[in-house]
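*Asks:* Sharing a structure here in structure tokens format.
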Amino acid sequence: MTIKTGILAGAAFVATLCGPAMAQQSWTMTTTWPSSLELIEMDKHFVDLANKLAGDEVKIDFYEGGSLVPAGEVFGAVESGTIQAGADWPGYWAGRDPAFSPLATHASLFNAVDYVNWIQQWGGADIYNEVYGRFGMVYLPYTVTNNESGFRTNAPIRNTADLKGKRLRLSGLEQGQLLERLGGNQVSMAGGEIYQSLERGVIDGAEFSTPNVDYSGGFHQVTKYWSTPGWHQSSSVFGVMINKAAWDALSPGAQEKLKIAADATMLWSLAFTEKRATEAYGKFQEAGVEITRMDDETLAEIQTIANSVIEDAACASPTSAKVYLSQLEYLNDYKSWRDASAPFNLGRTPNGPDIEKIRACAGQ
């Protein structure tokens with residue numbers, strides 16, 4: 001074979017892999033976040049990267065939360081194909097399937113790097129697609145954040161006794177159950193409603209997100225105290241729901257480019273939110289908010305109760321049991337190296353739930 005013939009044969013092979021050129025598609029994407037909340041920056045970052053990488057085949061037109069459909073209707077809009085993509089926090093859909101809760105966050109379990117490890121190398125990505133796939137969607141996780149701020153109140157919360165009787169805005173299925181076992185009362189409401197509810201005394205306090213997102217929501221203007229750490233949500237995942245028919249209409253190459261955009265956004269999101277959270281912490285101090293931290297003994301007490309809540313939640317739903325089992329198997333698998341490399345490692349190995357109890361509930 002001559003060099004020229006070899007080059008032509010190679011070009012033909014590449015063309016066979018790539019397939020015929022695909023006409024550019026136009027996707028509509030919205031989010032659950034209004035432009036006033038900084039979480040929308042992660043969505044914008046993904047869309048920008050996706051359009052740069054795959055714009056020759058798919059152009060994503062992005063709309064802020066509430067401009068097309070209410071936040072609570074984004075899931076249904078993507079599921080029905082009314083829009084092709086919607087950014088979300090999986091926990092909002094726990095009413096549809098409880099498994100969305102551990103896909104979104106944990107009570108005193110994973111940190112952000114744990115979610116990244118699990119998603120990327122321990123089978124987590126497949127589980128997201130299995131759960132969302134039941135609703136005709138593909139899911140690309142593209143944001144992780146570390147533990148949330150904690151509770152913002154006008155009466156200090158320094159221990160579990162201070163939670164008793166408090167009406168607190170709190171998201172999450174297991175999070176609400178944990179709060180109730182600690183004597184508080186969960187109040188559910190959208191992020192855009194928190195400021196006025198605090199201002200008017202409709203609720204006694206609220207959690208929402210990381211310090212930078214909370215600062216963008218103006219919570220320092222209507223609360224005096226901030227109780228840390230965010231034990232109720234030790235980390236969180238966000239991403240994009242994509243209608244399966246729209247996804248399948250893309251070439252494998254375009255699909256891979258969107259996955260690359262999601263992975264790149266995930267790495268960026270962690271550094272971005274940690275930097276912004278650090279800056280916001282200082283701003284809350286400057287605003288005169290009193291910041292307290294629960295002691296280790298109190299956090300250990302909360303961990304024990306959280307473990308019980310997780311075990312009960314897993315055993316109440318076969319899908320949740322499958323998700324939690326996979327996540328706890330990751331923790332067990334990673335434990336030996338993480339603990340051996342402490343303190344120069346990636347976070348802690350939590351004294352978590354009973355994995356054998358959850359394994360039994362998962363039917364394994």
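The way I read the labels, and the way they are meant: chains A, B, ... in the order of the structure tokens, residue 1 as the first residue of every chain, and ligand 1 as the first ligand shown, with later ones counted on from there.
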Leaving out A:Val113 and any residue of its chain fewer than 6 positions from it, which residues lie within 9 Å of it when counting only C-alpha atoms, given as number ranges by chain?

*Replies:* A: 144-146, 235, 270, 346-347

*Asks:* Restrict the calculation to only C-alpha atoms, then for each residue of stretch 229-308 of chain A with any atom at most 9 Å from an atom of stretch 37-48 of chain A give the closest atom pair and their distance in Å to one decimal, rows by chain and rising residue number, as a Markdown table.

*Replies:*
```
| residue | atom | partner | partner_atom | distance |
| --- | --- | --- | --- | --- |
| A:Phe238 | CA | A:Met42 | CA | 8.8 |
| A:Gly239 | CA | A:Asp43 | CA | 7.9 |
| A:Val240 | CA | A:Asp43 | CA | 8.2 |
| A:Leu258 | CA | A:Phe46 | CA | 8.7 |
| A:Ala261 | CA | A:Phe46 | CA | 6.1 |
| A:Ala262 | CA | A:Phe46 | CA | 6.2 |
| A:Ala264 | CA | A:Phe46 | CA | 8.2 |
| A:Thr265 | CA | A:Phe46 | CA | 5.7 |
| A:Met266 | CA | A:Met42 | CA | 8.6 |
| A:Trp268 | CA | A:Met42 | CA | 8.7 |
| A:Ser269 | CA | A:Met42 | CA | 6.5 |
```

*Asks:* Check the smallest atom-to-atom distance from each of A:Gly230, A:Gln84, A:Arg169, A:Gln120 to A:Asp248 using only C-alpha atoms, then report the winner.

*Replies:*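 Closest to A:Asp248, using only C-alpha atoms: A:Gln84.
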
*Asks:* Using only C-alpha atoms, determine which residues lie at most 12 Å from A:Met294, disregarding the query and same-chain residues fewer than 5 positions distant; provide the list as a list of chain:residue names.

*Replies:*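 Final neighbour list, sorted by chain and number: A:Gly150, A:Phe151, A:Pro156, A:Ile157, A:Arg158, A:Asn159, A:Thr160, A:Ala161, A:Asp162, A:Leu163, A:Trp226, A:Ser227, A:Thr228, A:Pro229, A:Gly230, A:Trp231, A:Leu299, A:Ala300, A:Glu301, A:Ile302.
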
*Asks:* Which residues of stretch 85-125 of chain A sit at most 9 Å from stretch 318-323 of chain A, using only C-alpha atoms? Give each one's shortest atom pair and distance in Å (one decimal place), in chain and ascending residue order, as a tab-separated table.

*Replies:*
```
residue	atom	partner	partner_atom	distance
A:Asp97	CA	A:Thr319	CA	8.0
A:Pro98	CA	A:Ser320	CA	6.1
A:Ala99	CA	A:Ser320	CA	4.2
A:Phe100	CA	A:Ser320	CA	7.9
A:Ser101	CA	A:Ser320	CA	8.1
A:Pro102	CA	A:Val323	CA	7.0
A:Leu103	CA	A:Val323	CA	7.6
A:Gly124	CA	A:Val323	CA	8.3
```

*Asks:* Enumerate, in order of chain and increasing residue number, the residues of stretch 158-276 of chain A with an atom no farther than 10 Å from stretch 125-133 of chain A, each with its shortest atom pair and distance in Å to one decimal, counting only C-alpha atoms, as a Markdown table.

*Replies:*
```
| residue | atom | partner | partner_atom | distance |
| --- | --- | --- | --- | --- |
| A:Met241 | CA | A:Tyr132 | CA | 7.8 |
| A:Ile242 | CA | A:Tyr132 | CA | 9.2 |
| A:Asn243 | CA | A:Gly133 | CA | 9.3 |
| A:Lys244 | CA | A:Gly133 | CA | 7.8 |
```

*Asks:* Residues of the last selection are to be written out with C-alpha atoms, as a compact mmCIF listing (two decimals), in the first residue's frame.

*Replies:*
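Wrote it out as result37.txt, contents follow:
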```
# COMPACT_ATOMS: atom_id res chain seq x y z
CA MET A 241 -32.18 16.48 32.42
CA ILE A 242 -32.29 15.76 28.69
CA ASN A 243 -35.30 14.35 26.87
CA LYS A 244 -34.29 10.87 25.66
```

*Asks:* Mind pulling up the distance from atom CA of A:Ile83 to atom CA of A:Met29?

*Replies:*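 So the answer is 6.4 Å.
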
*Asks:* Figure out the distance between atom CA of A:Gln303 and atom CA of A:Ser197, please, to one decimal in Å.

*Replies:*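 Interatomic distance here is 29.1 Å.
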
*Asks:* Looking at A:Cys315, A:Leu325, A:Val187, A:Ala245, which one is nearest to A:Phe135, with distances taken over only C-alpha atoms?

*Replies:*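 For A:Phe135, the nearest of the candidates is A:Ala245.
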
*Asks:* Using atom CA of A:Thr153 and atom CA of A:Pro70 as the two end points, give the distance in Å to one decimal.

*Replies:*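 Between these atoms lies a distance of 27.5 Å.
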
*Asks:* Would you list the contacts of stretch 326-331 of chain A as a ChimeraX atom specification, taking every protein, DNA or RNA residue within 9 Å and counting only C-alpha atoms, but skipping same-chain residues closer than 4 positions in sequence?

*Replies:* /A:102,110,114-115,117-118,122-124,127,321-322,335,349-350,352-355
